[in-house]
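Enquirer: I have a structure here, written as structure tokens, and I will follow up with some questions on it.
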Amino acid sequence: MRWKVARNYHTPTEGDHAYTTPIVIQHQGKEALLVWGAEHMTAHDAADGKLLWSCGDFNPESIANWPAVASPVMAGDFLVVPYGRADRGQPRLHGIKLGGSGDLAVAGHRVWKREDVGTFVTTPAAYKGRVYLVRDRGEVACLDPATGQTVWSNAFPKASANFYSSPLIAGGKLYAAREDGVVFVARVEDKFELLAENKMGERVIASPVPASDRLLIRGEQHLFCIAAD
């Protein structure tokens, strides 16, 4: 083990539960690791774990049972952080300007916050300067990461199943898998246009992964590899 750093933050019940994925970035010419959990975003020097900056105060009302499930996404110089419980009508979405040191919340790096849109499980996707959300019930939104404003919004066909798989964007097309095994394909660069619905025949929870010119989709019982003819 090269290093280990404690992140002991006081949180409400379940606020210290995190299922998120860290992000590797460049900070002042050095590799750094972004970690989201316990209601704090922290940046650490990848060489020794030294805390470079932190940003807290994501839950000033101290609402219980808000675990961090969806991971943040980086779009240019901005970090978009989903939080709250969108599945219970309590979404939160924060925009943080990267850079600086110390407490970014105090330094004014939290540039916007929205309480009308967000995700609980699915991680947003970044593509060509925009951030795309596939919400837990299939609503889709394209946002400007610098302002948080909605560029456009739409939705996949409704069903009783939720979306737990995070979206993937490649070649201007968004791929999103619903829990019941339907994988949607939509064009999203300028506007939303549903292109296809593919029934995999089994539940899909895992996120699709690109590999060369192929798409890997892990279902409940099989691993699917999708390729062009």
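For the structure tokens, the naming scheme is as follows: chains receive sequential letters (A, B, ...) according to their order of presentation, residues are indexed from 1 within each chain, and ligands are indexed from 1 in presentation order.
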So that I can see what lies close to Asp48 (chain A), please list as a VMD selection string the residues with an atom at most 10 Å from it, counting only C-alpha atoms and leaving out residues fewer than 5 positions away in the same chain.

Expert: chain A and resid 2 to 5 32

Enquirer: Could you write out the selected residues, including C-alpha atoms, as an mmCIF file, in the first residue's frame?

Expert:
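Okay, this is what ended up in result27.cif:
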```
data_model
loop_
_atom_site.group_PDB
_atom_site.id
_atom_site.type_symbol
_atom_site.label_atom_id
_atom_site.label_comp_id
_atom_site.auth_asym_id
_atom_site.auth_seq_id
_atom_site.Cartn_x
_atom_site.Cartn_y
_atom_site.Cartn_z
ATOM 1 C CA ARG A 2 1.478 3.336 -1.075
ATOM 2 C CA TRP A 3 -0.771 5.571 0.999
ATOM 3 C CA LYS A 4 -4.017 5.706 2.925
ATOM 4 C CA VAL A 5 -5.971 8.844 3.824
ATOM 5 C CA ALA A 32 -4.820 13.713 -8.879
#
```

Enquirer: Wanna dump the region 157-184 of chain A-region 110-134 of chain A contacts at 9 Å for me, each residue with its shortest atom pair and the distance in Å to one decimal, counting only C-alpha atoms, ordered by chain and number, as a tab-separated table?

Expert:
```
residue	atom	partner	partner_atom	distance
A:Phe163	CA	A:Thr122	CA	7.0
A:Tyr164	CA	A:Thr122	CA	5.6
A:Ser165	CA	A:Thr122	CA	5.9
A:Ser166	CA	A:Thr122	CA	4.5
A:Pro167	CA	A:Ala125	CA	6.3
A:Leu168	CA	A:Ala125	CA	6.5
A:Ile169	CA	A:Tyr127	CA	6.9
A:Ala170	CA	A:Tyr127	CA	8.4
A:Gly172	CA	A:Tyr127	CA	8.2
A:Leu174	CA	A:Tyr132	CA	9.0
A:Ala176	CA	A:Val134	CA	7.7
```

Enquirer: Which residues, written as number ranges by chain, have at least one atom at most 12 Å from His27 (chain A), with only C-alpha atoms counted and residues fewer than 4 positions away on the same chain left out?

Expert: A: 23, 31-34, 43-46, 51-53, 77, 98-101

Enquirer: Can you tell me, as a list in words, what residues are no more than 10 Å from Asn154 (chain A) when counting only C-alpha atoms, ignoring any on the same chain fewer than 5 positions away?

Expert: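 My reading of the contact set: Val134, Gly138, Glu139, Val140, Ala141, Cys142, Lys191, Phe192, Glu193 and Leu194 of chain A.
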
Enquirer: Skip region 213-216 of chain A itself and residues of its chain fewer than 3 positions away, then list as a list in words all residues within 6 Å of it, counting only C-alpha atoms.

Expert: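 Skipping anything fewer than 3 positions along the chain leaves Pro208, Val209, Pro210, Phe224, Cys225, Ile226 and Ala227 of chain A.
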
Enquirer: Would you put the residues from that selection into a file with N, CA and C atoms, as a PDB file, in the first residue's frame?

Expert:
```pdb
ATOM      1  N   PRO A 208     -23.239  -0.149 -20.319  1.00  0.00           N
ATOM      2  CA  PRO A 208     -22.571  -0.597 -21.547  1.00  0.00           C
ATOM      3  C   PRO A 208     -21.160  -0.034 -21.636  1.00  0.00           C
ATOM      4  N   VAL A 209     -20.288  -0.792 -22.282  1.00  0.00           N
ATOM      5  CA  VAL A 209     -18.870  -0.418 -22.381  1.00  0.00           C
ATOM      6  C   VAL A 209     -18.426  -0.512 -23.834  1.00  0.00           C
ATOM      7  N   PRO A 210     -17.767   0.518 -24.372  1.00  0.00           N
ATOM      8  CA  PRO A 210     -17.239   0.430 -25.733  1.00  0.00           C
ATOM      9  C   PRO A 210     -15.902  -0.300 -25.750  1.00  0.00           C
ATOM     10  N   PHE A 224     -23.075  -9.729 -23.891  1.00  0.00           N
ATOM     11  CA  PHE A 224     -23.378  -9.501 -25.303  1.00  0.00           C
ATOM     12  C   PHE A 224     -22.308  -8.614 -25.921  1.00  0.00           C
ATOM     13  N   CYS A 225     -21.914  -8.929 -27.130  1.00  0.00           N
ATOM     14  CA  CYS A 225     -20.992  -8.108 -27.901  1.00  0.00           C
ATOM     15  C   CYS A 225     -21.721  -7.675 -29.183  1.00  0.00           C
ATOM     16  N   ILE A 226     -21.888  -6.361 -29.345  1.00  0.00           N
ATOM     17  CA  ILE A 226     -22.608  -5.821 -30.489  1.00  0.00           C
ATOM     18  C   ILE A 226     -21.607  -5.185 -31.448  1.00  0.00           C
ATOM     19  N   ALA A 227     -21.687  -5.553 -32.736  1.00  0.00           N
ATOM     20  CA  ALA A 227     -20.774  -5.032 -33.733  1.00  0.00           C
ATOM     21  C   ALA A 227     -21.540  -4.687 -35.010  1.00  0.00           C
TER      22      ALA A 227
END
```

Enquirer: For CA of Met74 (chain A) and CA of Gly56 (chain A), determine how far apart the two atoms are, in Å to one decimal place.

Expert: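 About the pair CA of Met74 (chain A) and CA of Gly56 (chain A): they are 17.4 Å apart.
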